file coords35.txt (compact mmCIF, C-alpha atoms and all ligand atoms)
# COMPACT_ATOMS: atom_id res chain seq x y z
CA MET A 197 -14.52 -13.22 -4.97
CA LEU A 198 -14.10 -10.19 -2.69
CA ARG A 199 -14.54 -12.17 0.54
CA THR A 200 -10.96 -13.42 0.81
CA PRO A 201 -9.18 -10.08 0.18
CA LEU A 202 -11.56 -8.23 2.50
CA LEU A 203 -11.05 -10.76 5.31
CA TYR A 204 -7.30 -10.44 4.77
CA LEU A 205 -7.60 -6.65 5.04
CA SER A 206 -9.67 -6.98 8.24
CA ASN A 207 -6.46 -8.16 9.96
CA ALA A 208 -3.97 -5.88 8.19
CA GLY A 209 -2.65 -3.01 10.34
CA TRP A 210 -1.72 -0.82 7.34
CA SER A 211 -5.23 -1.13 5.91
CA ARG A 212 -6.80 -0.30 9.29
CA GLN A 213 -4.66 2.86 9.51
CA LEU A 214 -5.55 3.89 5.99
CA ILE A 215 -9.29 3.21 6.10
CA THR A 216 -10.02 4.50 9.61
CA HIS A 217 -8.28 7.72 8.63
CA PHE A 218 -11.23 8.62 6.39
CA GLY A 219 -14.33 10.11 7.97
CA VAL A 220 -16.41 8.58 5.20
CA ALA A 221 -15.42 5.09 6.41
CA ARG A 222 -16.58 5.89 9.93
CA ARG A 223 -19.84 7.27 8.58
CA THR A 224 -20.39 4.18 6.42
CA ALA A 225 -19.59 1.90 9.35
CA ARG A 226 -22.41 3.59 11.26
CA ARG A 227 -24.81 1.49 9.20
CA PHE A 228 -23.57 -1.54 11.18
CA VAL A 229 -22.31 0.06 14.42
CA ALA A 230 -24.59 1.88 16.87
CA GLY A 231 -22.02 4.56 17.75
CA GLU A 232 -18.91 5.04 19.82
CA THR A 233 -20.22 5.37 23.38
CA PRO A 234 -22.40 3.33 25.77
CA ASP A 235 -25.00 6.13 25.50
CA ASP A 236 -25.19 5.59 21.72
CA ALA A 237 -25.61 1.86 22.27
CA ILE A 238 -28.31 2.25 24.94
CA ALA A 239 -30.22 4.63 22.64
CA ALA A 240 -30.07 2.05 19.82
CA ILE A 241 -31.27 -0.67 22.21
CA ARG A 242 -34.18 1.46 23.40
CA ALA A 243 -35.26 1.93 19.79
CA LEU A 244 -35.12 -1.84 19.21
CA ASN A 245 -36.90 -2.61 22.48
CA SER A 246 -39.71 -0.25 21.47
CA GLN A 247 -40.26 -2.51 18.44
CA GLY A 248 -40.41 -5.62 20.62
CA ILE A 249 -36.82 -6.64 19.82
CA ASN A 250 -34.21 -7.59 22.43
CA ALA A 251 -30.50 -6.85 22.06
CA THR A 252 -27.06 -8.18 22.81
CA LEU A 253 -24.43 -5.52 23.27
CA ASP A 254 -20.92 -5.87 21.86
CA HIS A 255 -18.25 -3.45 23.01
CA LEU A 256 -16.08 -3.65 19.92
CA GLY A 257 -12.52 -4.83 20.35
CA GLU A 258 -10.50 -7.97 19.75
CA SER A 259 -6.96 -9.35 19.65
CA VAL A 260 -5.60 -7.07 22.37
CA THR A 261 -1.82 -7.14 22.75
CA ASN A 262 -1.28 -6.35 26.42
CA GLN A 263 -2.81 -7.18 29.78
CA SER A 264 -3.81 -3.67 30.73
CA GLU A 265 -5.93 -3.34 27.56
CA ALA A 266 -7.58 -6.70 28.34
CA THR A 267 -8.30 -5.71 31.95
CA ARG A 268 -9.77 -2.44 30.75
CA ALA A 269 -12.00 -4.31 28.27
CA ALA A 270 -13.39 -6.47 31.10
CA ASP A 271 -13.87 -3.33 33.26
CA ASP A 272 -15.81 -1.74 30.40
CA TYR A 273 -18.12 -4.74 30.21
CA VAL A 274 -18.70 -4.68 33.97
CA HIS A 275 -19.57 -1.01 33.62
CA VAL A 276 -21.90 -1.51 30.67
CA LEU A 277 -23.76 -4.31 32.46
CA GLY A 278 -24.51 -1.72 35.15
CA ARG A 279 -25.67 0.72 32.48
CA ILE A 280 -28.03 -1.88 31.01
CA HIS A 281 -29.40 -2.57 34.47
CA ASP A 282 -29.85 1.11 35.35
CA ALA A 283 -31.43 1.93 31.99
CA GLY A 284 -33.84 -0.99 32.37
CA VAL A 285 -33.36 -2.03 28.73
CA ARG A 286 -33.78 -5.60 27.46
CA ALA A 287 -30.22 -6.51 26.53
CA ASN A 288 -27.45 -8.92 27.45
CA VAL A 289 -23.80 -8.77 26.31
CA SER A 290 -21.60 -10.56 23.79
CA VAL A 291 -17.84 -10.77 24.34
CA LYS A 292 -14.78 -11.86 22.38
CA LEU A 293 -12.17 -13.69 24.41
CA THR A 294 -9.23 -12.24 22.47
CA GLN A 295 -10.44 -8.91 23.84
CA PHE A 296 -9.93 -10.31 27.35
CA GLY A 297 -6.42 -11.58 26.56
CA LEU A 298 -6.88 -15.07 25.07
CA ASP A 299 -3.78 -14.54 22.93
CA LEU A 300 -1.74 -13.54 25.99
CA ASP A 301 -2.58 -16.12 28.66
CA ASP A 302 -5.59 -18.45 28.91
CA GLU A 303 -5.85 -18.25 32.71
CA PHE A 304 -5.67 -14.46 32.72
CA CYS A 305 -8.34 -14.33 30.02
CA ALA A 306 -10.59 -16.73 31.96
CA ARG A 307 -10.28 -14.52 35.06
CA ASN A 308 -11.35 -11.45 33.08
CA ALA A 309 -14.28 -13.33 31.53
CA ARG A 310 -15.26 -14.70 34.95
CA ARG A 311 -15.42 -11.18 36.37
CA VAL A 312 -17.90 -10.18 33.66
CA VAL A 313 -20.03 -13.32 34.00
CA GLU A 314 -20.11 -12.93 37.78
CA GLU A 315 -21.29 -9.32 37.48
CA ALA A 316 -23.89 -10.42 34.92
CA ARG A 317 -25.16 -13.06 37.35
CA ARG A 318 -25.38 -10.46 40.12
CA LEU A 319 -27.53 -8.31 37.82
CA ASP A 320 -29.58 -11.24 36.52
CA ASN A 321 -28.05 -10.90 33.10
CA PHE A 322 -26.29 -13.14 30.58
CA VAL A 323 -22.97 -13.26 28.70
CA ARG A 324 -22.56 -14.80 25.26
CA ILE A 325 -19.04 -15.73 24.20
CA ASP A 326 -18.58 -15.04 20.48
CA MET A 327 -16.54 -17.51 18.45
CA GLU A 328 -13.50 -16.15 16.62
CA ASP A 329 -11.28 -17.84 14.01
CA SER A 330 -10.43 -21.53 14.23
CA GLN A 331 -7.05 -20.91 15.88
CA HIS A 332 -9.08 -19.93 18.94
CA THR A 333 -11.87 -22.52 18.89
CA ASP A 334 -10.39 -25.04 21.33
CA ARG A 335 -9.28 -22.40 23.82
CA THR A 336 -12.60 -20.54 23.58
CA ILE A 337 -14.53 -23.75 24.29
CA ALA A 338 -12.16 -24.53 27.19
CA VAL A 339 -12.76 -21.11 28.82
CA PHE A 340 -16.51 -21.46 28.21
CA ARG A 341 -16.56 -24.91 29.88
CA LYS A 342 -14.69 -23.64 32.89
CA LEU A 343 -17.19 -20.80 33.33
CA HIS A 344 -20.21 -22.96 32.57
CA GLN A 345 -19.28 -25.39 35.37
CA GLU A 346 -19.76 -22.52 37.78
CA PHE A 347 -22.36 -20.28 36.08
CA ASP A 348 -25.50 -20.94 34.05
CA ASN A 349 -25.72 -17.38 32.69
CA VAL A 350 -23.07 -17.90 30.03
CA GLY A 351 -23.47 -19.20 26.49
CA LEU A 352 -21.31 -19.85 23.45
CA VAL A 353 -21.37 -19.37 19.68
CA VAL A 354 -20.78 -22.23 17.23
CA GLN A 355 -20.05 -21.83 13.52
CA ALA A 356 -21.71 -24.00 10.86
CA TYR A 357 -18.83 -23.57 8.40
CA LEU A 358 -16.39 -25.64 10.51
CA TYR A 359 -16.28 -29.43 10.01
CA ARG A 360 -15.71 -29.90 13.74
CA THR A 361 -18.88 -28.10 14.80
CA GLN A 362 -21.14 -31.15 14.56
CA SER A 363 -19.12 -32.97 17.22
CA ASP A 364 -18.75 -29.78 19.30
CA VAL A 365 -22.53 -29.33 19.24
CA ASP A 366 -23.12 -32.96 20.25
CA ALA A 367 -20.83 -32.55 23.25
CA LEU A 368 -22.00 -29.06 24.23
CA LEU A 369 -25.69 -29.96 24.06
CA ALA A 370 -24.99 -32.91 26.37
CA GLU A 371 -23.63 -30.30 28.80
CA HIS A 372 -26.81 -28.18 28.41
CA ALA A 373 -24.90 -25.27 26.89
CA ARG A 374 -26.92 -22.39 25.52
CA LEU A 375 -25.68 -22.04 21.93
CA ARG A 376 -25.93 -19.39 19.27
CA LEU A 377 -25.59 -20.93 15.82
CA CYS A 378 -24.04 -18.74 13.10
CA LYS A 379 -22.46 -19.55 9.75
CA GLY A 380 -19.00 -18.17 10.57
CA ALA A 381 -17.38 -14.90 9.54
CA TYR A 382 -13.61 -15.53 9.34
CA LYS A 383 -11.22 -16.67 6.65
CA GLU A 384 -10.69 -20.40 7.16
CA PRO A 385 -8.63 -22.93 5.18
CA PRO A 386 -10.50 -25.73 3.33
CA ASP A 387 -9.18 -28.36 5.74
CA HIS A 388 -11.08 -26.63 8.57
CA ALA A 389 -14.21 -25.25 6.94
CA PHE A 390 -16.59 -26.14 4.11
CA PRO A 391 -15.35 -24.14 1.10
CA ARG A 392 -18.76 -24.20 -0.62
CA LYS A 393 -21.52 -21.94 0.68
CA ALA A 394 -24.15 -24.56 -0.19
CA ASP A 395 -22.44 -27.00 2.21
CA VAL A 396 -22.27 -24.37 4.97
CA ASP A 397 -25.98 -23.66 4.51
CA ALA A 398 -26.88 -27.37 4.58
CA ASN A 399 -24.81 -27.90 7.73
CA TYR A 400 -26.44 -24.83 9.28
CA LEU A 401 -29.92 -26.20 8.75
CA ARG A 402 -28.95 -29.65 10.05
CA LEU A 403 -27.46 -28.14 13.22
CA ALA A 404 -30.39 -25.73 13.65
CA LYS A 405 -32.83 -28.66 13.63
CA GLN A 406 -30.69 -30.47 16.19
CA LEU A 407 -30.68 -27.42 18.47
CA LEU A 408 -34.45 -26.99 18.10
CA ALA A 409 -35.00 -30.67 18.90
CA GLN A 410 -33.30 -30.12 22.26
CA ALA A 411 -34.78 -26.71 22.90
CA GLN A 412 -37.30 -27.82 25.52
CA SER A 413 -34.57 -29.20 27.77
CA LEU A 414 -33.78 -25.76 29.24
CA PRO A 415 -36.18 -23.07 30.48
CA PRO A 416 -37.50 -20.71 27.78
CA ALA A 417 -36.51 -17.07 27.38
CA GLY A 418 -36.79 -15.08 30.62
CA GLU A 419 -39.37 -12.31 30.92
CA GLY A 420 -36.77 -9.54 31.19
CA GLY A 421 -35.43 -10.25 27.68
CA ARG A 422 -31.94 -10.83 29.01
CA VAL A 423 -31.45 -14.55 29.64
CA PRO A 424 -32.02 -16.23 26.26
CA PRO A 425 -33.53 -19.66 25.59
CA LEU A 426 -31.27 -22.60 24.73
CA PRO A 427 -30.81 -22.09 20.98
CA ALA A 428 -30.27 -18.84 19.14
CA ILE A 429 -30.69 -19.09 15.38
CA ALA A 430 -28.40 -16.30 14.20
CA THR A 431 -28.75 -15.66 10.49
CA HIS A 432 -30.30 -13.29 7.95
CA ASP A 433 -30.72 -16.12 5.46
CA GLU A 434 -34.42 -16.05 4.65
CA ARG A 435 -34.40 -19.53 3.17
CA ILE A 436 -33.04 -20.95 6.42
CA ILE A 437 -35.37 -18.81 8.52
CA ASN A 438 -38.37 -20.06 6.51
CA ALA A 439 -37.19 -23.65 7.02
CA VAL A 440 -36.81 -23.05 10.76
CA GLU A 441 -40.31 -21.57 10.94
CA ALA A 442 -41.65 -24.65 9.11
CA GLU A 443 -39.79 -26.97 11.50
CA VAL A 444 -41.15 -25.15 14.53
CA ALA A 445 -44.69 -25.32 13.15
CA ALA A 446 -44.32 -29.03 12.35
CA THR A 447 -42.93 -29.97 15.76
CA GLY A 448 -45.15 -27.63 17.79
CA LEU A 449 -42.17 -26.14 19.64
CA PRO A 450 -43.43 -23.09 21.56
CA ARG A 451 -41.86 -19.90 20.23
CA GLN A 452 -40.43 -18.85 23.60
CA TYR A 453 -38.08 -21.85 23.50
CA PHE A 454 -35.70 -20.39 20.93
CA GLU A 455 -34.84 -17.01 19.45
CA PHE A 456 -33.81 -15.56 16.12
CA GLN A 457 -30.79 -13.27 16.17
CA MET A 458 -29.54 -10.78 13.58
CA LEU A 459 -26.95 -8.05 13.31
CA TYR A 460 -27.63 -4.36 13.83
CA GLY A 461 -28.48 -2.64 10.56
CA ILE A 462 -28.97 -5.84 8.55
CA ARG A 463 -32.41 -6.98 7.32
CA ARG A 464 -34.39 -4.74 9.65
CA ASP A 465 -37.50 -5.70 7.66
CA LEU A 466 -36.98 -9.34 8.56
CA GLN A 467 -36.25 -8.53 12.21
CA GLN A 468 -39.55 -6.66 12.40
CA ARG A 469 -41.55 -9.30 10.53
CA LEU A 470 -40.37 -12.06 12.88
CA ALA A 471 -40.96 -9.96 16.01
CA ALA A 472 -44.45 -9.04 14.78
CA ALA A 473 -45.14 -12.76 14.19
CA GLY A 474 -44.42 -13.40 17.88
CA TYR A 475 -40.92 -14.89 17.70
CA PRO A 476 -38.34 -13.70 20.23
CA VAL A 477 -35.81 -11.68 18.19
CA ARG A 478 -32.49 -10.36 19.45
CA VAL A 479 -30.24 -7.92 17.59
CA TYR A 480 -26.48 -7.81 18.06
CA VAL A 481 -25.61 -4.17 18.73
CA PRO A 482 -21.92 -3.27 18.43
CA TYR A 483 -20.53 0.02 19.63
CA GLY A 484 -17.12 1.55 20.28
CA THR A 485 -14.16 3.01 18.48
CA GLU A 486 -12.63 -0.34 17.41
CA TRP A 487 -15.09 -0.84 14.56
CA TYR A 488 -12.61 -1.57 11.76
CA PRO A 489 -12.39 -5.45 11.73
CA TYR A 490 -16.11 -5.80 12.45
CA PHE A 491 -16.92 -3.43 9.58
CA MET A 492 -14.60 -5.28 7.17
CA ARG A 493 -16.26 -8.62 8.00
CA ARG A 494 -19.64 -7.07 7.20
CA LEU A 495 -18.29 -5.83 3.86
CA ALA A 496 -16.87 -9.28 3.13
CA GLU A 497 -20.27 -10.90 3.66
CA ARG A 498 -21.94 -8.94 0.92
CA PRO A 499 -20.30 -7.40 -2.14
CA ALA A 500 -23.13 -4.84 -2.40
CA ASN A 501 -21.80 -3.35 0.86
CA VAL A 502 -18.46 -2.65 -0.81
CA TRP A 503 -20.19 -0.72 -3.61
CA PHE A 504 -22.22 1.15 -0.97
CA PHE A 505 -18.96 2.08 0.76
CA LEU A 506 -17.22 3.07 -2.49
CA SER A 507 -20.17 5.16 -3.62
CA ASN A 508 -20.00 7.04 -0.30
CA VAL A 509 -16.26 7.62 -0.89
CA VAL A 510 -16.98 9.02 -4.36
CA LYS A 511 -19.78 11.26 -3.00
CA SER A 512 -17.66 12.61 -0.14
P1 LIG A 601 -25.57 -15.25 4.37
O1 LIG A 601 -24.19 -14.70 4.39
O2 LIG A 601 -25.89 -16.38 3.46
O3 LIG A 601 -26.56 -14.05 4.08
C1 LIG A 601 -27.95 -14.25 3.87
C2 LIG A 601 -28.56 -12.91 3.50
O4 LIG A 601 -28.45 -12.02 4.61
C3 LIG A 601 -27.86 -12.18 2.37
O5 LIG A 601 -28.34 -12.59 1.13
C4 LIG A 601 -28.19 -10.73 2.68
O6 LIG A 601 -29.50 -10.42 2.30
C5 LIG A 601 -28.14 -10.70 4.20
N1 LIG A 601 -26.80 -10.34 4.71
C6 LIG A 601 -25.91 -11.15 5.28
N2 LIG A 601 -24.80 -10.46 5.67
C7 LIG A 601 -25.02 -9.18 5.30
C8 LIG A 601 -24.27 -7.99 5.41
N3 LIG A 601 -23.06 -7.96 5.98
N4 LIG A 601 -24.80 -6.84 4.93
C9 LIG A 601 -26.03 -6.83 4.36
N5 LIG A 601 -26.79 -7.94 4.22
C10 LIG A 601 -26.30 -9.10 4.69
N6 LIG A 601 -19.74 -15.03 13.20
C11 LIG A 601 -18.72 -15.62 13.84
O7 LIG A 601 -17.81 -16.15 13.20
N7 LIG A 601 -18.66 -15.60 15.22
C12 LIG A 601 -19.64 -15.05 15.97
O8 LIG A 601 -19.56 -15.08 17.20
C13 LIG A 601 -20.75 -14.45 15.29
N8 LIG A 601 -21.77 -13.87 15.99
C14 LIG A 601 -22.89 -13.49 15.31
C15 LIG A 601 -24.00 -13.03 16.03
C16 LIG A 601 -25.19 -12.75 15.36
C17 LIG A 601 -26.38 -12.31 16.15
C18 LIG A 601 -25.26 -12.89 13.94
C19 LIG A 601 -26.53 -12.62 13.19
C20 LIG A 601 -24.14 -13.26 13.24
C21 LIG A 601 -22.96 -13.54 13.89
N9 LIG A 601 -21.81 -13.92 13.21
C22 LIG A 601 -20.76 -14.46 13.89
C23 LIG A 601 -21.73 -13.66 11.75
C24 LIG A 601 -22.14 -14.86 10.91
O9 LIG A 601 -21.18 -15.89 11.06
C25 LIG A 601 -22.27 -14.52 9.42
O10 LIG A 601 -21.05 -14.07 8.93
C26 LIG A 601 -23.32 -13.46 9.12
O11 LIG A 601 -24.45 -13.63 9.91
C27 LIG A 601 -23.78 -13.53 7.65
O12 LIG A 601 -24.30 -14.79 7.39
P2 LIG A 601 -25.87 -15.11 7.24
O13 LIG A 601 -26.18 -16.23 8.17
O14 LIG A 601 -26.68 -13.92 7.43
O15 LIG A 601 -26.02 -15.75 5.81
call {"tool": "encode", "arguments": {"input": "coords35.txt", "output": "structure tokens"}}
result
Amino acid sequence: MLRTPLLYLSNAGWSRQLITHFGVARRTARRFVAGETPDDAIAAIRALNSQGINATLDHLGESVTNQSEATRAADDYVHVLGRIHDAGVRANVSVKLTQFGLDLDDEFCARNARRVVEEARRLDNFVRIDMEDSQHTDRTIAVFRKLHQEFDNVGLVVQAYLYRTQSDVDALLAEHARLRLCKGAYKEPPDHAFPRKADVDANYLRLAKQLLAQAQSLPPAGEGGRVPPLPAIATHDERIINAVEAEVAATGLPRQYFEFQMLYGIRRDLQQRLAAAGYPVRVYVPYGTEWYPYFMRRLAERPANVWFFLSNVVKS
């Protein structure tokens, strides 16, 4: 019931101004965001690495409105790839193409993304392109394909809630794309996405099995914890995770041929259980000052988070 209004608010400028004004919102967001600086993010990654968990770093930001902001976002990623390398931590990066100017000019955006992927290749690292709302799906896939023709250290996210994803996955697997499968976090109309959660979950499991079936066609996870295996199963849904574990056991797929992924601050118990059981686990670690839309999507996913936030407001 709260999902739709919260996703609406995640895009509303007036709500951003209001909510980010309160220190209590920033403090509550810290449950999901590692901090504001690269140092904060590297410290969070070190803590995860010490528990046997890899990371993917997200410098928060999306939907930029001018080219200089987009260029700066790409510069920041180039810089943070160097920081990851120098710190020797096991992390790659995740990027959003609207942060690199996808809403301004596709070619310009592709050049920014290329710069980051090229630097990642130089440093033996990997770039995952997040998937945003369905208005951007075609253009995101087009930029990914362009990069993937030239580089093998770039991967893409697909969303189980979209009807189109089955055919996207069929085509992308034929191109040996490394895919992260998630459910999907944006507000989508019923002609684009399954309205019922049960249908999203069923589609997720179907697609996960398809990705696992192809998992041996690309090399497994690299030793340095940066280049991931072909499929990334990104969910905190224990029922799906149990089903994936059962599928892996039944098919005998070696664990290094796929990885589980989860978000920073969510189901740490499950992250640790899977890592202790010998599965590669990667946590998505966001940092930066542009935490508002990311935070609102996390609230929208779970009503209990809204009460957690409101109780902090009352206490403050
Ligand atoms: P579901 O929503 O069914 O939740 C299952 C259980 O997980 C819940 O019962 C609860 O215990 C826990 N949980 C889930 N969300 C929680 C929250 N916010 N707070 C506390 N507990 C929570 N989306 C997208 O559209 N594009 C993208 O590029 C990405 N990238 C991405 C990367 C990674 C590594 C992950 C894990 C997720 C994404 N997502 C994403 C987000 C994804 O689409 C989805 O919105 C969330 O993962 C929540 O869905 P679950 O699969 O966890 O299932």
call {"tool": "atom_distance", "arguments": {"input": "coords35.txt", "atom1": "CA of Tyr488 in chain A", "atom2": "CA of Arg212 in chain A"}}
result
6.4 Å
call {"tool": "closest_atom_pairs", "arguments": {"input": "coords35.txt", "of": "chain A", "to": "ligand LIG 601 (chain A)", "cutoff": "6 Å", "atoms": "only C-alpha atoms and all ligand atoms", "output": "JSON lines"}}
result
{"residue": "A:Asp326", "atom": "CA", "partner": "A:LIG601", "partner_atom": "O8", "distance": 3.4}
{"residue": "A:Met327", "atom": "CA", "partner": "A:LIG601", "partner_atom": "O8", "distance": 4.1}
{"residue": "A:Glu328", "atom": "CA", "partner": "A:LIG601", "partner_atom": "N7", "distance": 5.4}
{"residue": "A:Val353", "atom": "CA", "partner": "A:LIG601", "partner_atom": "O8", "distance": 5.3}
{"residue": "A:Cys378", "atom": "CA", "partner": "A:LIG601", "partner_atom": "O9", "distance": 4.5}
{"residue": "A:Lys379", "atom": "CA", "partner": "A:LIG601", "partner_atom": "O9", "distance": 4.1}
{"residue": "A:Gly380", "atom": "CA", "partner": "A:LIG601", "partner_atom": "O9", "distance": 3.2}
{"residue": "A:Ala381", "atom": "CA", "partner": "A:LIG601", "partner_atom": "O10", "distance": 3.8}
{"residue": "A:Tyr382", "atom": "CA", "partner": "A:LIG601", "partner_atom": "O7", "distance": 5.7}
{"residue": "A:Ala430", "atom": "CA", "partner": "A:LIG601", "partner_atom": "C19", "distance": 4.2}
{"residue": "A:Thr431", "atom": "CA", "partner": "A:LIG601", "partner_atom": "O13", "distance": 3.5}
{"residue": "A:His432", "atom": "CA", "partner": "A:LIG601", "partner_atom": "O14", "distance": 3.7}
{"residue": "A:Asp433", "atom": "CA", "partner": "A:LIG601", "partner_atom": "C1", "distance": 3.7}
{"residue": "A:Gln457", "atom": "CA", "partner": "A:LIG601", "partner_atom": "C17", "distance": 4.5}
{"residue": "A:Met458", "atom": "CA", "partner": "A:LIG601", "partner_atom": "C19", "distance": 3.5}
{"residue": "A:Leu459", "atom": "CA", "partner": "A:LIG601", "partner_atom": "C19", "distance": 4.6}
{"residue": "A:Ile462", "atom": "CA", "partner": "A:LIG601", "partner_atom": "C9", "distance": 5.2}
{"residue": "A:Tyr480", "atom": "CA", "partner": "A:LIG601", "partner_atom": "C17", "distance": 4.9}
{"residue": "A:Arg494", "atom": "CA", "partner": "A:LIG601", "partner_atom": "N3", "distance": 3.7}
{"residue": "A:Leu495", "atom": "CA", "partner": "A:LIG601", "partner_atom": "N3", "distance": 5.6}
{"residue": "A:Glu497", "atom": "CA", "partner": "A:LIG601", "partner_atom": "N3", "distance": 4.7}
{"residue": "A:Arg498", "atom": "CA", "partner": "A:LIG601", "partner_atom": "C8", "distance": 5.1}
call {"tool": "closest_atom_pairs", "arguments": {"input": "coords35.txt", "of": "range 337-436 of chain A", "to": "range 443-449 of chain A", "cutoff": "10 Å", "atoms": "all atoms listed in the file", "output": "tab-separated table"}}
result
residue	atom	partner	partner_atom	distance
A:Ala404	CA	A:Glu443	CA	9.7
A:Lys405	CA	A:Glu443	CA	7.5
A:Leu408	CA	A:Val444	CA	7.8
A:Ala409	CA	A:Leu449	CA	8.5
A:Ala411	CA	A:Leu449	CA	8.1
A:Gln412	CA	A:Leu449	CA	7.8
call {"tool": "closest_residue", "arguments": {"input": "coords35.txt", "among": "A:Ala417, A:Leu375, A:Val323, A:Ala389", "to": "Leu403 in chain A", "atoms": "only C-alpha atoms"}}
result
A:Leu375
call {"tool": "closest_residue", "arguments": {"input": "coords35.txt", "among": "A:Val477, A:Pro424, A:His275, A:Ala471", "to": "Leu319 in chain A", "atoms": "all atoms listed in the file"}}
result
A:His275
call {"tool": "closest_residue", "arguments": {"input": "coords35.txt", "among": "A:Leu352, A:Leu202, A:Leu358, A:Val220", "to": "Arg376 in chain A", "atoms": "all atoms listed in the file"}}
result
A:Leu352
call {"tool": "residues_around", "arguments": {"input": "coords35.txt", "residues": "range 367-374 of chain A", "least_positions_apart": "5", "cutoff": "8 Å", "atoms": "all atoms listed in the file", "output": "VMD selection string"}}
result
chain A and resid 344 350 to 352 407 410 413 to 414 425 to 427
call {"tool": "closest_residue", "arguments": {"input": "coords35.txt", "among": "A:Asn438, A:Asn250, A:Gln452, A:Thr333", "to": "Pro415 in chain A", "atoms": "all atoms listed in the file"}}
result
A:Gln452
call {"tool": "atom_distance", "arguments": {"input": "coords35.txt", "atom1": "CA of Phe296 in chain A", "atom2": "CA of Glu258 in chain A"}}
result
8.0 Å
call {"tool": "residues_near_point", "arguments": {"input": "coords35.txt", "point": "(-34.0, -8.3, 17.2)", "cutoff": "12 Å", "atoms": "all atoms listed in the file", "output": "PDB file with C-alpha atoms, in the coordinates of the input"}}
result
ATOM      1  CA  ALA A 240     -30.070   2.050  19.820  1.00  0.00           C
ATOM      2  CA  ILE A 241     -31.270  -0.670  22.210  1.00  0.00           C
ATOM      3  CA  ARG A 242     -34.180   1.460  23.400  1.00  0.00           C
ATOM      4  CA  ALA A 243     -35.260   1.930  19.790  1.00  0.00           C
ATOM      5  CA  LEU A 244     -35.120  -1.840  19.210  1.00  0.00           C
ATOM      6  CA  ASN A 245     -36.900  -2.610  22.480  1.00  0.00           C
ATOM      7  CA  SER A 246     -39.710  -0.250  21.470  1.00  0.00           C
ATOM      8  CA  GLN A 247     -40.260  -2.510  18.440  1.00  0.00           C
ATOM      9  CA  GLY A 248     -40.410  -5.620  20.620  1.00  0.00           C
ATOM     10  CA  ILE A 249     -36.820  -6.640  19.820  1.00  0.00           C
ATOM     11  CA  ASN A 250     -34.210  -7.590  22.430  1.00  0.00           C
ATOM     12  CA  ALA A 251     -30.500  -6.850  22.060  1.00  0.00           C
ATOM     13  CA  THR A 252     -27.060  -8.180  22.810  1.00  0.00           C
ATOM     14  CA  LEU A 253     -24.430  -5.520  23.270  1.00  0.00           C
ATOM     15  CA  ARG A 286     -33.780  -5.600  27.460  1.00  0.00           C
ATOM     16  CA  ALA A 287     -30.220  -6.510  26.530  1.00  0.00           C
ATOM     17  CA  GLY A 421     -35.430 -10.250  27.680  1.00  0.00           C
ATOM     18  CA  ALA A 428     -30.270 -18.840  19.140  1.00  0.00           C
ATOM     19  CA  ILE A 429     -30.690 -19.090  15.380  1.00  0.00           C
ATOM     20  CA  ALA A 430     -28.400 -16.300  14.200  1.00  0.00           C
ATOM     21  CA  THR A 431     -28.750 -15.660  10.490  1.00  0.00           C
ATOM     22  CA  HIS A 432     -30.300 -13.290   7.950  1.00  0.00           C
ATOM     23  CA  GLU A 455     -34.840 -17.010  19.450  1.00  0.00           C
ATOM     24  CA  PHE A 456     -33.810 -15.560  16.120  1.00  0.00           C
ATOM     25  CA  GLN A 457     -30.790 -13.270  16.170  1.00  0.00           C
ATOM     26  CA  MET A 458     -29.540 -10.780  13.580  1.00  0.00           C
ATOM     27  CA  LEU A 459     -26.950  -8.050  13.310  1.00  0.00           C
ATOM     28  CA  TYR A 460     -27.630  -4.360  13.830  1.00  0.00           C
ATOM     29  CA  GLY A 461     -28.480  -2.640  10.560  1.00  0.00           C
ATOM     30  CA  ILE A 462     -28.970  -5.840   8.550  1.00  0.00           C
ATOM     31  CA  ARG A 463     -32.410  -6.980   7.320  1.00  0.00           C
ATOM     32  CA  ARG A 464     -34.390  -4.740   9.650  1.00  0.00           C
ATOM     33  CA  ASP A 465     -37.500  -5.700   7.660  1.00  0.00           C
ATOM     34  CA  LEU A 466     -36.980  -9.340   8.560  1.00  0.00           C
ATOM     35  CA  GLN A 467     -36.250  -8.530  12.210  1.00  0.00           C
ATOM     36  CA  GLN A 468     -39.550  -6.660  12.400  1.00  0.00           C
ATOM     37  CA  ARG A 469     -41.550  -9.300  10.530  1.00  0.00           C
ATOM     38  CA  LEU A 470     -40.370 -12.060  12.880  1.00  0.00           C
ATOM     39  CA  ALA A 471     -40.960  -9.960  16.010  1.00  0.00           C
ATOM     40  CA  ALA A 472     -44.450  -9.040  14.780  1.00  0.00           C
ATOM     41  CA  GLY A 474     -44.420 -13.400  17.880  1.00  0.00           C
ATOM     42  CA  TYR A 475     -40.920 -14.890  17.700  1.00  0.00           C
ATOM     43  CA  PRO A 476     -38.340 -13.700  20.230  1.00  0.00           C
ATOM     44  CA  VAL A 477     -35.810 -11.680  18.190  1.00  0.00           C
ATOM     45  CA  ARG A 478     -32.490 -10.360  19.450  1.00  0.00           C
ATOM     46  CA  VAL A 479     -30.240  -7.920  17.590  1.00  0.00           C
ATOM     47  CA  TYR A 480     -26.480  -7.810  18.060  1.00  0.00           C
ATOM     48  CA  VAL A 481     -25.610  -4.170  18.730  1.00  0.00           C
TER      49      VAL A 481
END
call {"tool": "atom_distance", "arguments": {"input": "coords35.txt", "atom1": "CA of Ser330 in chain A", "atom2": "CA of Trp503 in chain A"}}
result
29.1 Å
